[in-house]
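Here is structure-v6.cif, consisting of mmCIF, N, CA and C atoms:
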data_coords
#
loop_
_atom_site.label_atom_id
_atom_site.label_comp_id
_atom_site.auth_asym_id
_atom_site.auth_seq_id
_atom_site.Cartn_x
_atom_site.Cartn_y
_atom_site.Cartn_z
N GLN A 1 6.94 -14.63 -7.95
CA GLN A 1 6.26 -14.65 -6.67
C GLN A 1 5.70 -13.26 -6.39
N VAL A 2 4.44 -13.22 -5.99
CA VAL A 2 3.80 -11.95 -5.69
C VAL A 2 4.28 -11.46 -4.34
N GLN A 3 4.70 -10.21 -4.30
CA GLN A 3 5.07 -9.60 -3.04
C GLN A 3 4.41 -8.24 -2.91
N LEU A 4 4.22 -7.83 -1.68
CA LEU A 4 3.64 -6.53 -1.38
C LEU A 4 4.61 -5.76 -0.50
N VAL A 5 4.89 -4.54 -0.86
CA VAL A 5 5.83 -3.71 -0.12
C VAL A 5 5.15 -2.42 0.29
N GLU A 6 5.03 -2.25 1.59
CA GLU A 6 4.39 -1.05 2.13
C GLU A 6 5.44 0.02 2.43
N SER A 7 5.03 1.28 2.28
CA SER A 7 5.92 2.41 2.58
C SER A 7 5.09 3.63 2.95
N GLY A 8 5.76 4.64 3.48
CA GLY A 8 5.10 5.91 3.75
C GLY A 8 4.80 6.19 5.21
N GLY A 9 5.08 5.24 6.08
CA GLY A 9 4.83 5.45 7.49
C GLY A 9 5.83 6.42 8.11
N GLY A 10 5.60 6.72 9.38
CA GLY A 10 6.51 7.62 10.07
C GLY A 10 5.89 8.13 11.35
N LEU A 11 6.56 9.12 11.92
CA LEU A 11 6.10 9.77 13.15
C LEU A 11 5.39 11.06 12.76
N VAL A 12 4.20 11.25 13.27
CA VAL A 12 3.42 12.43 12.94
C VAL A 12 2.69 12.89 14.19
N GLN A 13 2.47 14.18 14.29
CA GLN A 13 1.74 14.72 15.43
C GLN A 13 0.25 14.50 15.26
N PRO A 14 -0.49 14.45 16.35
CA PRO A 14 -1.96 14.35 16.25
C PRO A 14 -2.51 15.46 15.37
N GLY A 15 -3.45 15.08 14.51
CA GLY A 15 -4.01 16.01 13.55
C GLY A 15 -3.29 16.04 12.23
N GLY A 16 -2.15 15.39 12.15
CA GLY A 16 -1.36 15.38 10.93
C GLY A 16 -1.86 14.37 9.92
N SER A 17 -1.12 14.28 8.81
CA SER A 17 -1.50 13.39 7.71
C SER A 17 -0.31 12.57 7.24
N LEU A 18 -0.63 11.41 6.72
CA LEU A 18 0.36 10.55 6.06
C LEU A 18 -0.33 9.87 4.88
N ARG A 19 0.48 9.52 3.89
CA ARG A 19 -0.02 8.74 2.75
C ARG A 19 0.81 7.48 2.65
N LEU A 20 0.15 6.35 2.82
CA LEU A 20 0.82 5.05 2.69
C LEU A 20 0.67 4.53 1.28
N SER A 21 1.70 3.82 0.84
CA SER A 21 1.68 3.18 -0.48
C SER A 21 1.98 1.71 -0.33
N CYS A 22 1.40 0.92 -1.20
CA CYS A 22 1.68 -0.52 -1.23
C CYS A 22 1.88 -0.92 -2.67
N ALA A 23 3.07 -1.35 -2.98
CA ALA A 23 3.41 -1.76 -4.34
C ALA A 23 3.41 -3.28 -4.44
N ALA A 24 2.75 -3.79 -5.48
CA ALA A 24 2.71 -5.23 -5.74
C ALA A 24 3.74 -5.58 -6.79
N SER A 25 4.25 -6.77 -6.71
CA SER A 25 5.30 -7.18 -7.64
C SER A 25 4.76 -7.83 -8.90
N ALA A 26 3.50 -8.03 -8.97
CA ALA A 26 2.95 -8.68 -10.15
C ALA A 26 1.54 -8.15 -10.42
N SER A 27 1.13 -8.27 -11.65
CA SER A 27 -0.18 -7.71 -12.04
C SER A 27 -1.34 -8.53 -11.50
N ILE A 28 -1.06 -9.62 -10.74
CA ILE A 28 -2.18 -10.34 -10.12
C ILE A 28 -2.99 -9.42 -9.24
N PHE A 29 -2.33 -8.36 -8.78
CA PHE A 29 -2.98 -7.34 -7.97
C PHE A 29 -4.20 -6.76 -8.67
N ARG A 30 -4.14 -6.69 -9.98
CA ARG A 30 -5.11 -5.91 -10.75
C ARG A 30 -6.53 -6.39 -10.58
N TYR A 31 -6.73 -7.70 -10.40
CA TYR A 31 -8.09 -8.24 -10.41
C TYR A 31 -8.61 -8.60 -9.02
N ASP A 32 -7.91 -8.17 -8.00
CA ASP A 32 -8.30 -8.56 -6.65
C ASP A 32 -8.72 -7.36 -5.82
N ASN A 33 -9.63 -7.63 -4.88
CA ASN A 33 -9.89 -6.63 -3.86
C ASN A 33 -8.64 -6.51 -2.99
N MET A 34 -8.30 -5.29 -2.65
CA MET A 34 -7.12 -5.03 -1.83
C MET A 34 -7.53 -4.32 -0.55
N GLY A 35 -6.81 -4.62 0.52
CA GLY A 35 -7.14 -4.02 1.80
C GLY A 35 -5.92 -3.48 2.52
N TRP A 36 -6.16 -2.49 3.35
CA TRP A 36 -5.18 -2.02 4.32
C TRP A 36 -5.60 -2.54 5.69
N TYR A 37 -4.62 -3.07 6.40
CA TYR A 37 -4.83 -3.62 7.73
C TYR A 37 -3.86 -2.92 8.69
N ARG A 38 -4.16 -3.03 9.98
CA ARG A 38 -3.21 -2.49 10.95
C ARG A 38 -3.23 -3.35 12.20
N GLN A 39 -2.09 -3.33 12.88
CA GLN A 39 -1.97 -4.05 14.13
C GLN A 39 -1.26 -3.17 15.14
N ALA A 40 -1.99 -2.83 16.18
CA ALA A 40 -1.44 -2.04 17.27
C ALA A 40 -0.83 -2.98 18.30
N PRO A 41 0.10 -2.50 19.11
CA PRO A 41 0.72 -3.36 20.12
C PRO A 41 -0.32 -4.00 21.03
N GLY A 42 -0.22 -5.31 21.17
CA GLY A 42 -1.12 -6.03 22.05
C GLY A 42 -2.52 -6.26 21.52
N LYS A 43 -2.74 -5.91 20.25
CA LYS A 43 -4.07 -6.06 19.66
C LYS A 43 -4.02 -6.95 18.43
N GLU A 44 -5.19 -7.44 18.05
CA GLU A 44 -5.32 -8.24 16.83
C GLU A 44 -5.19 -7.34 15.61
N ARG A 45 -4.73 -7.94 14.53
CA ARG A 45 -4.70 -7.20 13.27
C ARG A 45 -6.13 -6.98 12.80
N GLU A 46 -6.41 -5.79 12.30
CA GLU A 46 -7.77 -5.46 11.88
C GLU A 46 -7.76 -4.87 10.47
N LEU A 47 -8.84 -5.08 9.78
CA LEU A 47 -9.03 -4.48 8.46
C LEU A 47 -9.42 -3.01 8.65
N VAL A 48 -8.71 -2.14 7.96
CA VAL A 48 -8.98 -0.71 8.05
C VAL A 48 -9.87 -0.25 6.89
N ALA A 49 -9.55 -0.72 5.70
CA ALA A 49 -10.30 -0.32 4.51
C ALA A 49 -10.01 -1.31 3.39
N ASP A 50 -10.96 -1.48 2.49
CA ASP A 50 -10.66 -2.28 1.31
C ASP A 50 -11.36 -1.71 0.09
N ILE A 51 -10.78 -2.06 -1.06
CA ILE A 51 -11.20 -1.47 -2.32
C ILE A 51 -11.25 -2.55 -3.39
N ALA A 52 -12.29 -2.52 -4.19
CA ALA A 52 -12.44 -3.48 -5.28
C ALA A 52 -11.48 -3.14 -6.41
N TRP A 53 -11.24 -4.12 -7.28
CA TRP A 53 -10.28 -3.91 -8.36
C TRP A 53 -10.76 -2.83 -9.33
N ILE A 54 -12.09 -2.59 -9.39
CA ILE A 54 -12.59 -1.54 -10.27
C ILE A 54 -12.52 -0.17 -9.61
N GLY A 55 -12.05 -0.11 -8.35
CA GLY A 55 -11.88 1.17 -7.69
C GLY A 55 -12.99 1.55 -6.73
N ARG A 56 -13.98 0.71 -6.59
CA ARG A 56 -15.06 0.98 -5.65
C ARG A 56 -14.61 0.62 -4.24
N THR A 57 -14.80 1.56 -3.32
CA THR A 57 -14.46 1.29 -1.92
C THR A 57 -15.53 0.40 -1.30
N ASN A 58 -15.06 -0.69 -0.68
CA ASN A 58 -16.00 -1.65 -0.10
C ASN A 58 -16.26 -1.41 1.38
N TYR A 59 -15.23 -0.92 2.08
CA TYR A 59 -15.34 -0.91 3.54
C TYR A 59 -14.35 0.07 4.14
N TYR A 60 -14.80 0.77 5.18
CA TYR A 60 -13.92 1.49 6.10
C TYR A 60 -14.30 1.08 7.52
N ALA A 61 -13.31 0.86 8.36
CA ALA A 61 -13.59 0.66 9.77
C ALA A 61 -14.22 1.92 10.34
N GLY A 62 -15.11 1.74 11.28
CA GLY A 62 -15.81 2.89 11.85
C GLY A 62 -14.88 3.93 12.44
N SER A 63 -13.75 3.46 12.98
CA SER A 63 -12.83 4.37 13.65
C SER A 63 -12.07 5.27 12.68
N VAL A 64 -12.11 4.95 11.37
CA VAL A 64 -11.35 5.77 10.41
C VAL A 64 -12.25 6.44 9.38
N THR A 65 -13.52 6.12 9.39
CA THR A 65 -14.45 6.70 8.42
C THR A 65 -14.42 8.22 8.49
N GLY A 66 -14.27 8.83 7.33
CA GLY A 66 -14.23 10.29 7.25
C GLY A 66 -12.83 10.86 7.39
N ARG A 67 -11.87 10.02 7.78
CA ARG A 67 -10.49 10.50 7.96
C ARG A 67 -9.52 9.82 6.99
N PHE A 68 -9.77 8.57 6.65
CA PHE A 68 -8.90 7.80 5.78
C PHE A 68 -9.58 7.60 4.43
N THR A 69 -8.75 7.55 3.39
CA THR A 69 -9.25 7.29 2.04
C THR A 69 -8.34 6.26 1.36
N ILE A 70 -8.95 5.18 0.90
CA ILE A 70 -8.20 4.16 0.16
C ILE A 70 -8.39 4.40 -1.32
N SER A 71 -7.34 4.17 -2.09
CA SER A 71 -7.42 4.30 -3.54
C SER A 71 -6.41 3.34 -4.16
N ARG A 72 -6.49 3.17 -5.47
CA ARG A 72 -5.56 2.27 -6.14
C ARG A 72 -5.29 2.76 -7.55
N ASP A 73 -4.12 2.40 -8.04
CA ASP A 73 -3.73 2.67 -9.41
C ASP A 73 -3.33 1.33 -10.02
N ASN A 74 -4.22 0.73 -10.78
CA ASN A 74 -3.97 -0.60 -11.31
C ASN A 74 -2.82 -0.61 -12.31
N ALA A 75 -2.61 0.48 -13.00
CA ALA A 75 -1.51 0.56 -13.97
C ALA A 75 -0.16 0.51 -13.26
N LYS A 76 -0.13 0.95 -12.02
CA LYS A 76 1.12 0.95 -11.24
C LYS A 76 1.15 -0.16 -10.21
N ASN A 77 0.11 -1.00 -10.19
CA ASN A 77 0.01 -2.09 -9.20
C ASN A 77 0.21 -1.57 -7.78
N THR A 78 -0.42 -0.47 -7.47
CA THR A 78 -0.21 0.20 -6.20
C THR A 78 -1.55 0.57 -5.56
N VAL A 79 -1.63 0.39 -4.26
CA VAL A 79 -2.79 0.82 -3.50
C VAL A 79 -2.31 1.82 -2.45
N TYR A 80 -3.13 2.81 -2.18
CA TYR A 80 -2.76 3.91 -1.29
C TYR A 80 -3.74 4.00 -0.13
N LEU A 81 -3.25 4.60 0.96
CA LEU A 81 -4.12 4.94 2.08
C LEU A 81 -3.76 6.35 2.52
N GLN A 82 -4.63 7.30 2.23
CA GLN A 82 -4.46 8.67 2.69
C GLN A 82 -5.07 8.77 4.08
N MET A 83 -4.26 9.19 5.03
CA MET A 83 -4.71 9.25 6.42
C MET A 83 -4.63 10.70 6.89
N ASN A 84 -5.75 11.26 7.22
CA ASN A 84 -5.83 12.64 7.71
C ASN A 84 -6.35 12.65 9.15
N SER A 85 -6.16 13.78 9.81
CA SER A 85 -6.64 13.95 11.19
C SER A 85 -6.24 12.78 12.06
N LEU A 86 -4.98 12.42 11.98
CA LEU A 86 -4.49 11.25 12.71
C LEU A 86 -4.59 11.43 14.20
N LYS A 87 -4.87 10.33 14.88
CA LYS A 87 -5.02 10.30 16.33
C LYS A 87 -4.00 9.33 16.92
N PRO A 88 -3.67 9.50 18.18
CA PRO A 88 -2.74 8.56 18.81
C PRO A 88 -3.19 7.10 18.69
N GLU A 89 -4.49 6.88 18.70
CA GLU A 89 -4.99 5.51 18.60
C GLU A 89 -4.83 4.91 17.20
N ASP A 90 -4.39 5.70 16.24
CA ASP A 90 -4.07 5.18 14.92
C ASP A 90 -2.66 4.58 14.87
N THR A 91 -1.91 4.72 15.94
CA THR A 91 -0.56 4.16 16.01
C THR A 91 -0.61 2.65 15.85
N ALA A 92 0.12 2.14 14.86
CA ALA A 92 0.11 0.71 14.55
C ALA A 92 1.09 0.45 13.42
N VAL A 93 1.32 -0.83 13.16
CA VAL A 93 1.98 -1.24 11.93
C VAL A 93 0.89 -1.47 10.90
N TYR A 94 1.03 -0.85 9.74
CA TYR A 94 0.04 -0.94 8.68
C TYR A 94 0.54 -1.88 7.58
N TYR A 95 -0.35 -2.75 7.15
CA TYR A 95 -0.05 -3.74 6.13
C TYR A 95 -1.08 -3.64 5.01
N CYS A 96 -0.67 -4.06 3.83
CA CYS A 96 -1.65 -4.27 2.77
C CYS A 96 -1.67 -5.75 2.43
N ASN A 97 -2.76 -6.18 1.86
CA ASN A 97 -2.93 -7.56 1.44
C ASN A 97 -4.19 -7.60 0.60
N GLN A 98 -4.40 -8.75 -0.01
CA GLN A 98 -5.69 -8.93 -0.66
C GLN A 98 -6.77 -8.94 0.42
N GLN A 99 -8.00 -8.79 -0.01
CA GLN A 99 -9.14 -8.90 0.89
C GLN A 99 -10.12 -9.89 0.26
N PRO A 100 -10.33 -11.08 0.89
CA PRO A 100 -9.73 -11.52 2.14
C PRO A 100 -8.23 -11.77 1.99
N PRO A 101 -7.50 -11.68 3.08
CA PRO A 101 -6.05 -11.74 3.00
C PRO A 101 -5.51 -13.14 2.70
N ARG A 102 -4.36 -13.17 2.05
CA ARG A 102 -3.61 -14.40 1.81
C ARG A 102 -2.45 -14.43 2.79
N ASN A 103 -2.33 -15.53 3.50
CA ASN A 103 -1.26 -15.62 4.50
C ASN A 103 0.13 -15.49 3.91
N ASP A 104 0.29 -15.91 2.66
CA ASP A 104 1.63 -15.87 2.05
C ASP A 104 2.00 -14.48 1.53
N LEU A 105 1.11 -13.50 1.69
CA LEU A 105 1.39 -12.16 1.15
C LEU A 105 1.73 -11.12 2.22
N TRP A 106 1.64 -11.49 3.49
CA TRP A 106 1.95 -10.48 4.51
C TRP A 106 3.39 -10.02 4.38
N GLY A 107 3.58 -8.70 4.33
CA GLY A 107 4.92 -8.13 4.24
C GLY A 107 5.36 -7.62 5.60
N GLN A 108 6.35 -6.72 5.57
CA GLN A 108 6.90 -6.17 6.80
C GLN A 108 6.03 -5.09 7.40
N GLY A 109 5.19 -4.51 6.57
CA GLY A 109 4.36 -3.41 7.05
C GLY A 109 5.15 -2.12 7.16
N THR A 110 4.43 -1.07 7.50
CA THR A 110 5.07 0.23 7.72
C THR A 110 4.52 0.82 9.02
N GLN A 111 5.43 1.28 9.86
CA GLN A 111 5.06 1.77 11.19
C GLN A 111 4.51 3.19 11.09
N VAL A 112 3.35 3.39 11.71
CA VAL A 112 2.78 4.72 11.85
C VAL A 112 2.69 5.03 13.34
N THR A 113 3.30 6.12 13.74
CA THR A 113 3.27 6.53 15.14
C THR A 113 2.71 7.94 15.21
N VAL A 114 1.64 8.10 15.97
CA VAL A 114 1.01 9.41 16.13
C VAL A 114 1.23 9.85 17.57
N SER A 115 2.05 10.86 17.71
CA SER A 115 2.44 11.29 19.05
C SER A 115 2.91 12.72 19.02
N SER A 116 2.66 13.43 20.11
CA SER A 116 3.17 14.80 20.22
C SER A 116 4.51 14.81 20.94
#
Give the structure from the file, written as structure tokens.
Amino acid sequence: QVQLVESGGGLVQPGGSLRLSCAASASIFRYDNMGWYRQAPGKERELVADIAWIGRTNYYAGSVTGRFTISRDNAKNTVYLQMNSLKPEDTAVYYCNQQPPRNDLWGQGTQVTVSS
């Protein structure tokens, strides 16, 4: 069974950085577009960024363009999200999934809190 496990979240001050990781349990990850999503309290889950299996970035949300970078290592079945210049409005639970997402792949996510 394919599973996705997110890690790397935490509490960071505004302007700080975090690097999120998402490890897949099977190589099915290798041939799919992968995305990072986030859900803030009281808001819908939104796509933050996605990347093609060949490593080409397909999309960044306007609110993170220039601050976040998505990347992947197919040999390690892992996708990353480097987040710089974090803002309080980036506070959310961050998830990875295929893009478009599969309902059976949503994991627990990793909490990112940006606060002074």
Can you list what the PyMOL selection byres (((chain A and resi 31 and name CA) around 12) and name CA) grabs from this structure, as a PyMOL selection string? chain A and resi 26-30+32-34+51-55+72-75+77+98-99
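The interatomic distance for the pair CA of Val5 (chain A) and CA of Tyr94 (chain A) works out to 10.9 Å.
Straight-line separation from atom C of Leu81 (chain A) to CA of Cys22 (chain A): 9.5 Å.
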Here's the selection I'm unsure about, the PyMOL selection byres (((chain A and resi 100-110 and name CA) around 7) and name CA); applied to the file above, which residues does it give, as a list in words? Gln3, Leu4, Val5, Glu6, Ser7, Gly8, Gly9, Val93, Tyr94, Tyr95, Asn97, Gln98, Gln99, Gln111 and Val112 of chain A
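We find atom N of Gly16 (chain A) and atom C of Glu46 (chain A) to be spaced 21.1 Å apart.
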Filtered DSSP result for region 22-112 of chain A, state strand (DSSP E or B), as a ChimeraX atom specification: /A:22-24,34-39,46-51,57-60,68-73,78-83,92-98,110-112
List as a ChimeraX atom specification the protein and nucleic acid residues near Gly66 (chain A), meaning an atom at most 8 Å away when all atoms listed in the file are counted, but skip any in the same chain fewer than 5 places from it. /A:60-61,84-85
Those same residues - N, CA and C atoms - I'd like them written as a PDB file, keeping the file's coordinate frame.
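Contents of the output file again_4.pdb:
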ATOM      1  N   TYR A  60     -14.800   0.770   5.180  1.00  0.00           N
ATOM      2  CA  TYR A  60     -13.920   1.490   6.100  1.00  0.00           C
ATOM      3  C   TYR A  60     -14.300   1.080   7.520  1.00  0.00           C
ATOM      4  N   ALA A  61     -13.310   0.860   8.360  1.00  0.00           N
ATOM      5  CA  ALA A  61     -13.590   0.660   9.770  1.00  0.00           C
ATOM      6  C   ALA A  61     -14.220   1.920  10.340  1.00  0.00           C
ATOM      7  N   ASN A  84      -5.750  11.260   7.220  1.00  0.00           N
ATOM      8  CA  ASN A  84      -5.830  12.640   7.710  1.00  0.00           C
ATOM      9  C   ASN A  84      -6.350  12.650   9.150  1.00  0.00           C
ATOM     10  N   SER A  85      -6.160  13.780   9.810  1.00  0.00           N
ATOM     11  CA  SER A  85      -6.640  13.950  11.190  1.00  0.00           C
ATOM     12  C   SER A  85      -6.240  12.780  12.060  1.00  0.00           C
TER      13      SER A  85
END
Need to verify the contact set: Glu89 (chain A), 8 Å, only N, CA and C atoms, exclusion of same-chain residues closer than 2 positions in sequence. Can you return it as a VMD selection string? chain A and resid 40 86 to 87 91 to 92 114 to 115
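Minimum atom-to-atom distance to Leu18 (chain A), evaluated using only N, CA and C atoms, belongs to A:Met83 out of A:Cys96, A:Met83, A:Val64, A:Leu47.
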